[in-house]
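Peer 1: After the structure tokens below, expect a handful of questions from me.
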Amino acid sequence: MSKTLHFKPVNLGRWIIWSLFALILLLAPVIFNQGASLSLLSQMGTVMIFGLSFNMLLGQGGMLSFGHAVYSGLGAFFAIHAMNMVAGGSLIFPITLIPLIGGVAGMFFGILFGYVTTKKSGTTFSMITLGMVELVFACSLMFPNFFGGEGGISTNRVIGQSFMGITYGPQIQVYYLIAFWLFISTIGMYAFTQTPLGRMANAVRDNPERVEFVGYDTQWVRYLTLILSAFFAGIAGGLSAINFEIVTAENVSAVRSGAVLLFTFIGGIGFFFGPMIGAILGVFLTVMLSDFTKAWQLYLGVFFIVIVMYAPGGLASILMMNLRMVKFGKFKRIWPSMWKLLLSSAVAIAGAILATEMLYQRTLESTQSSTISLFGMSFDTAQPQAWIIAFALIAAGVIGFVRFKPGFAHQWGESNTEIEDLMRRAQA
């Protein structure tokens, strides 16, 4: 009997992408090293893991959950209690591995709650998860010994003797700990998409009746997917406990669940890396933008509505469509009309922001000065000139958008048609 030697070539593109991802994580603190950049990067890392774990349910399995914060929040509580036990000497456990405790706790509650929630699908599943998160949030105020009441549970991440100079006191050390777990967790969640269970979760999302027809139990597919998702959410919670050194009832609230849903949708649920884009933008909008304006929630809400209405695939879909244009050499054809459309949009947005900020100044800060600083200039909200400038910018931007949109849409449609023809010929 002869033996045949098979050779499977190395997927060079995949190795390059993962290597670039690791390099970005290593160099990010070097590039962004001003002010609170390290704190922002650390928050982005934990939210990335949280968003990717949520996308295992929504993007991979088609399960819209309003209670995903339960698993990350309870994982954070168990992790912070473990840190306090280590500090008290009743437990010997390295801080580097504390996120595993959060992951195991998240998985445990995924097993416990998931068995109930995944018995149903669709809207019923969503409503059950909403009730579950409200139940856990209510319990957080009923059991203060574990949840710490309204003040939460605090800790100190600098515990014991340093190992090779690592104490996790400096924020840079915490960042690299989060970056390490982010890299490992991302690999694990991407590997899940390539497994038979991951493929079956896609099938359950797309056509559950056919999955049942071929002999698979759709409830068990959803259940196992949720358990794995809860494990990674718990890891995110454990990292959050280390980063902030405090966990409160807000960690298990519907607000936290809604935030990860918002960020994941903005990034794009149809792409694996979509939640990572959403995490970066979401942290920027909720942390940095909130320091500059009181209207940040308005901007976030409007941006979310625009994405859902005009780019339901999220920012990742916009990025991939433009990369496809570049790949097939069509981008130079659409760029002349695209930059005009983008410029018109920017002008209209600048006018809308100016009008919004002046309105907030007039209504919420009426007892203070009527002058605001925006775009490096000062505007007096009590004078009509400022309002005329704002509405003139909006009008100019809208007129330009209406004028240039048909030409861009025509060029975009023709380019996509030509690309589809090239792909069909290549397949033939």
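Every chain in the structure tokens has a letter given in the order shown (A, B, ...), and although residue numbers restart at 1 in each chain, ligands are simply numbered from 1 in the order shown.
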Residues within 10 Å of Thr96 in chain A, please, as JSON, numbers by chain. Count only C-alpha atoms; anything in the same chain fewer than 2 positions from it doesn't count.

Peer 2: {"A": [93, 94, 98, 99, 100, 166, 167, 168, 174, 177, 178, 180, 181, 239, 242]}

Peer 1: If you keep C-alpha atoms, can you produce a file of those selected residues as an mmCIF file, in the first residue's frame?

Peer 2:
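For reference, result-v8.cif as written:
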```
data_model
loop_
_atom_site.group_PDB
_atom_site.id
_atom_site.type_symbol
_atom_site.label_atom_id
_atom_site.label_comp_id
_atom_site.auth_asym_id
_atom_site.auth_seq_id
_atom_site.Cartn_x
_atom_site.Cartn_y
_atom_site.Cartn_z
ATOM 1 C CA PHE A 93 -2.605 33.107 42.617
ATOM 2 C CA PRO A 94 -0.625 35.268 40.167
ATOM 3 C CA ILE A 98 -6.606 36.621 37.384
ATOM 4 C CA PRO A 99 -8.535 37.125 34.094
ATOM 5 C CA LEU A 100 -8.851 33.321 33.934
ATOM 6 C CA ILE A 166 6.430 43.588 37.139
ATOM 7 C CA THR A 167 4.118 44.869 39.868
ATOM 8 C CA TYR A 168 1.240 46.139 37.707
ATOM 9 C CA VAL A 174 -1.369 46.862 32.905
ATOM 10 C CA LEU A 177 -1.173 42.544 30.323
ATOM 11 C CA ILE A 178 -4.421 43.560 28.576
ATOM 12 C CA PHE A 180 -1.436 39.906 25.909
ATOM 13 C CA TRP A 181 -4.909 38.658 26.845
ATOM 14 C CA LEU A 239 -9.083 42.639 32.980
ATOM 15 C CA ILE A 242 -7.389 44.873 37.268
#
```

Peer 1: Could you please write out, as a list in words, every residue of range 27-200 of chain A that DSSP assigns to strand (DSSP E or B)?

Peer 2: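 DSSP on the backbone gives strand (DSSP E or B) at Ile153, Ser154, Phe163 and Ile166 of chain A.
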
Peer 1: Rank nothing, just name the residue among A:Lys332, A:Arg157, A:Lys340, A:Lys119 nearest to Phe244 in chain A, using only C-alpha atoms.

Peer 2: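 Of A:Lys332, A:Arg157, A:Lys340, A:Lys119, the one nearest Phe244 in chain A, counting only C-alpha atoms, is A:Arg157.
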
Peer 1: Out of range 222-382 of chain A, which residues get alpha helix (DSSP H) from DSSP, as a PyMOL selection string?

Peer 2: chain A and resi 222-244+254-267+274-283+289-292+296-310+314-327+331-364

Peer 1: Got a sec: who's within 12 Å of Ala352 in chain A, counting only C-alpha atoms, leaving out chain neighbours fewer than 6 positions off, as a PyMOL selection string?

Peer 2: chain A and resi 295+298-299+302+345-346+358-359+387-398

Peer 1: Show which residues sit within 9 Å of Leu52 in chain A, as a list in words. Count only C-alpha atoms, and ignore same-chain residues fewer than 2 positions away.

Peer 2: Val47, Met48, Ile49, Phe50, Phe54, Asn55, Met56, Ser185, Thr186, Met189, Ser229, Phe232, Ala233, Thr264, Phe272, Phe273, Gly274, Pro275 and Met276 of chain A

Peer 1: Write a file of the selected residues as a PDB file, in the first residue's frame, keeping N, CA and C atoms.

Peer 2:
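Writing the result to result_25.pdb gives the following:
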```
ATOM      1  N   VAL A  47     -12.613  46.427  26.050  1.00  0.00           N
ATOM      2  CA  VAL A  47     -13.865  46.519  25.302  1.00  0.00           C
ATOM      3  C   VAL A  47     -13.789  45.712  24.010  1.00  0.00           C
ATOM      4  N   MET A  48     -12.599  45.615  23.411  1.00  0.00           N
ATOM      5  CA  MET A  48     -12.432  44.774  22.217  1.00  0.00           C
ATOM      6  C   MET A  48     -12.763  43.317  22.530  1.00  0.00           C
ATOM      7  N   ILE A  49     -12.227  42.807  23.632  1.00  0.00           N
ATOM      8  CA  ILE A  49     -12.522  41.418  24.010  1.00  0.00           C
ATOM      9  C   ILE A  49     -14.010  41.256  24.287  1.00  0.00           C
ATOM     10  N   PHE A  50     -14.576  42.220  25.002  1.00  0.00           N
ATOM     11  CA  PHE A  50     -16.001  42.181  25.323  1.00  0.00           C
ATOM     12  C   PHE A  50     -16.840  42.194  24.045  1.00  0.00           C
ATOM     13  N   PHE A  54     -19.283  39.288  22.440  1.00  0.00           N
ATOM     14  CA  PHE A  54     -20.688  39.543  22.120  1.00  0.00           C
ATOM     15  C   PHE A  54     -20.998  39.182  20.671  1.00  0.00           C
ATOM     16  N   ASN A  55     -20.035  39.428  19.793  1.00  0.00           N
ATOM     17  CA  ASN A  55     -20.255  39.122  18.374  1.00  0.00           C
ATOM     18  C   ASN A  55     -20.292  37.627  18.113  1.00  0.00           C
ATOM     19  N   MET A  56     -19.739  36.811  19.021  1.00  0.00           N
ATOM     20  CA  MET A  56     -19.909  35.362  18.901  1.00  0.00           C
ATOM     21  C   MET A  56     -21.387  35.003  18.970  1.00  0.00           C
ATOM     22  N   SER A 185      -7.024  36.014  23.351  1.00  0.00           N
ATOM     23  CA  SER A 185      -8.479  35.859  23.233  1.00  0.00           C
ATOM     24  C   SER A 185      -8.942  36.022  21.792  1.00  0.00           C
ATOM     25  N   THR A 186      -8.328  36.957  21.067  1.00  0.00           N
ATOM     26  CA  THR A 186      -8.698  37.161  19.665  1.00  0.00           C
ATOM     27  C   THR A 186      -8.385  35.922  18.840  1.00  0.00           C
ATOM     28  N   MET A 189     -11.076  33.315  19.748  1.00  0.00           N
ATOM     29  CA  MET A 189     -12.393  33.572  19.175  1.00  0.00           C
ATOM     30  C   MET A 189     -12.379  33.450  17.657  1.00  0.00           C
ATOM     31  N   SER A 229     -18.837  32.195  24.621  1.00  0.00           N
ATOM     32  CA  SER A 229     -18.899  33.648  24.600  1.00  0.00           C
ATOM     33  C   SER A 229     -18.816  34.222  26.010  1.00  0.00           C
ATOM     34  N   PHE A 232     -15.135  34.333  27.385  1.00  0.00           N
ATOM     35  CA  PHE A 232     -14.315  35.461  26.940  1.00  0.00           C
ATOM     36  C   PHE A 232     -14.831  36.777  27.512  1.00  0.00           C
ATOM     37  N   ALA A 233     -16.152  36.887  27.707  1.00  0.00           N
ATOM     38  CA  ALA A 233     -16.683  38.081  28.360  1.00  0.00           C
ATOM     39  C   ALA A 233     -16.179  38.174  29.793  1.00  0.00           C
ATOM     40  N   THR A 264     -20.676  47.270  18.922  1.00  0.00           N
ATOM     41  CA  THR A 264     -20.533  46.164  17.987  1.00  0.00           C
ATOM     42  C   THR A 264     -21.265  46.450  16.683  1.00  0.00           C
ATOM     43  N   PHE A 272     -15.402  39.793  11.444  1.00  0.00           N
ATOM     44  CA  PHE A 272     -14.787  39.407  12.714  1.00  0.00           C
ATOM     45  C   PHE A 272     -14.149  40.596  13.407  1.00  0.00           C
ATOM     46  N   PHE A 273     -13.473  41.471  12.647  1.00  0.00           N
ATOM     47  CA  PHE A 273     -12.760  42.596  13.246  1.00  0.00           C
ATOM     48  C   PHE A 273     -13.663  43.802  13.470  1.00  0.00           C
ATOM     49  N   GLY A 274     -14.943  43.705  13.090  1.00  0.00           N
ATOM     50  CA  GLY A 274     -15.858  44.822  13.260  1.00  0.00           C
ATOM     51  C   GLY A 274     -15.966  45.317  14.692  1.00  0.00           C
ATOM     52  N   PRO A 275     -16.184  44.425  15.685  1.00  0.00           N
ATOM     53  CA  PRO A 275     -16.273  44.890  17.076  1.00  0.00           C
ATOM     54  C   PRO A 275     -15.010  45.589  17.569  1.00  0.00           C
ATOM     55  N   MET A 276     -13.856  45.284  16.993  1.00  0.00           N
ATOM     56  CA  MET A 276     -12.623  45.949  17.402  1.00  0.00           C
ATOM     57  C   MET A 276     -12.636  47.405  16.952  1.00  0.00           C
TER      58      MET A 276
END
```

Peer 1: Which of these, A:Leu91, A:Phe213, A:Phe66, A:Gly102, has the shortest distance to Thr129 in chain A once you count only C-alpha atoms?

Peer 2: A:Phe66

Peer 1: With a distance cut-off of 12 Å and only C-alpha atoms, select the neighbouring residues of range 288-294 of chain A, excluding the residue or stretch itself and same-chain residues fewer than 4 positions from it, and output the selection as an mmCIF file with C-alpha atoms, in the first residue's frame.

Peer 2:
```cif
data_model
loop_
_atom_site.group_PDB
_atom_site.id
_atom_site.type_symbol
_atom_site.label_atom_id
_atom_site.label_comp_id
_atom_site.auth_asym_id
_atom_site.auth_seq_id
_atom_site.Cartn_x
_atom_site.Cartn_y
_atom_site.Cartn_z
ATOM 1 C CA GLY A 35 -1.670 62.280 28.705
ATOM 2 C CA ALA A 36 -4.204 59.567 29.409
ATOM 3 C CA SER A 37 -3.431 57.614 26.233
ATOM 4 C CA SER A 39 -5.624 54.455 30.083
ATOM 5 C CA LEU A 40 -7.621 54.831 26.858
ATOM 6 C CA LEU A 41 -5.664 52.052 25.153
ATOM 7 C CA GLN A 43 -9.999 50.446 28.051
ATOM 8 C CA MET A 44 -10.090 49.844 24.306
ATOM 9 C CA ILE A 280 -11.958 51.979 19.454
ATOM 10 C CA LEU A 281 -14.588 54.444 18.287
ATOM 11 C CA GLY A 282 -16.918 53.721 21.211
ATOM 12 C CA VAL A 283 -14.277 54.358 23.876
ATOM 13 C CA PHE A 284 -13.201 57.496 22.032
ATOM 14 C CA LEU A 298 -26.428 63.081 21.145
ATOM 15 C CA TYR A 299 -23.539 62.654 18.723
ATOM 16 C CA LEU A 300 -23.214 58.971 19.584
ATOM 17 C CA ILE A 353 -21.899 70.619 15.527
ATOM 18 C CA LEU A 354 -21.573 74.398 15.818
ATOM 19 C CA THR A 356 -25.637 72.015 18.611
ATOM 20 C CA GLU A 357 -22.869 73.359 20.828
ATOM 21 C CA MET A 358 -24.325 76.859 20.736
ATOM 22 C CA LEU A 359 -27.780 75.503 21.583
ATOM 23 C CA TYR A 360 -26.334 73.568 24.546
ATOM 24 C CA GLN A 361 -24.521 76.716 25.668
ATOM 25 C CA THR A 363 -29.884 76.226 27.345
ATOM 26 C CA LEU A 364 -27.637 74.372 29.798
ATOM 27 C CA GLU A 365 -24.991 77.024 30.453
ATOM 28 C CA ILE A 372 -17.877 79.185 23.214
ATOM 29 C CA SER A 373 -14.621 78.059 21.613
ATOM 30 C CA LEU A 374 -14.895 75.597 18.743
ATOM 31 C CA PHE A 375 -12.637 74.683 15.822
#
```

Peer 1: Taking only C-alpha atoms into account, which of A:Phe183, A:Gly45, A:Leu226, A:Thr195 comes nearest Gly62 in chain A?

Peer 2: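 Result for the nearest residue to Gly62 in chain A: A:Leu226.
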
Peer 1: Give me, as an NGL selection string, all polymer residues having an atom no more than 9 Å from Lys330 in chain A, counting only C-alpha atoms and skipping those fewer than 5 positions away in the same chain.

Peer 2: :A and (324-325 or 335 or 412 or 415-416 or 419)

Peer 1: Let me make sure I understand: among A:Ile184, A:Ala316, A:Met63, A:Ile399, which one has the smallest atom-to-atom distance to Leu343 in chain A if we use only C-alpha atoms?

Peer 2: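 Of A:Ile184, A:Ala316, A:Met63, A:Ile399, the one nearest Leu343 in chain A is A:Ile399, counting only C-alpha atoms.
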
Peer 1: Got a sec: who's within 8 Å of range 24-32 of chain A, counting only C-alpha atoms, leaving out chain neighbours fewer than 6 positions off, as a PyMOL selection string?

Peer 2: chain A and resi 38+41+172+176+179

Peer 1: Store the residues of this selection in a file with C-alpha atoms, as a PDB file, in the first residue's frame.

Peer 2:
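Result file out.pdb:
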```
ATOM      1  CA  LEU A  38      -2.376  54.484  28.129  1.00  0.00           C
ATOM      2  CA  LEU A  41      -5.664  52.052  25.153  1.00  0.00           C
ATOM      3  CA  ILE A 172       2.139  50.552  31.011  1.00  0.00           C
ATOM      4  CA  TYR A 176       0.705  45.036  28.132  1.00  0.00           C
ATOM      5  CA  ALA A 179      -2.674  43.445  25.183  1.00  0.00           C
TER       6      ALA A 179
END
```

Peer 1: Which distance in Å separates CA of Gly151 in chain A and CA of Leu74 in chain A, to one decimal?

Peer 2: 15.8 Å

Peer 1: From the set A:Gly51, A:Gly258, A:Gly301, A:Gly106, which residue has the shortest atom-to-atom contact distance to Gly75 in chain A, counting only C-alpha atoms?

Peer 2: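 Of A:Gly51, A:Gly258, A:Gly301, A:Gly106, the one nearest Gly75 in chain A, counting only C-alpha atoms, is A:Gly106.
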
Peer 1: What is the CA of Thr46 in chain A-CA of Thr248 in chain A distance in Å, reported with one decimal?

Peer 2: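 According to the coordinates, CA of Thr46 in chain A and CA of Thr248 in chain A are separated by 16.4 Å.
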
Peer 1: Between A:Gly169, A:Gly237, A:Gly59, A:Pro196, which has the minimum distance to Met107 in chain A (counting only C-alpha atoms)?

Peer 2: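 Among the listed residues, the smallest separation from Met107 in chain A belongs to A:Gly237.
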
Peer 1: State, in Å with one decimal place, the distance from CA of Val260 in chain A to CA of Phe143 in chain A.

Peer 2: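 Interatomic distance, CA of Val260 in chain A to CA of Phe143 in chain A: 25.7 Å.
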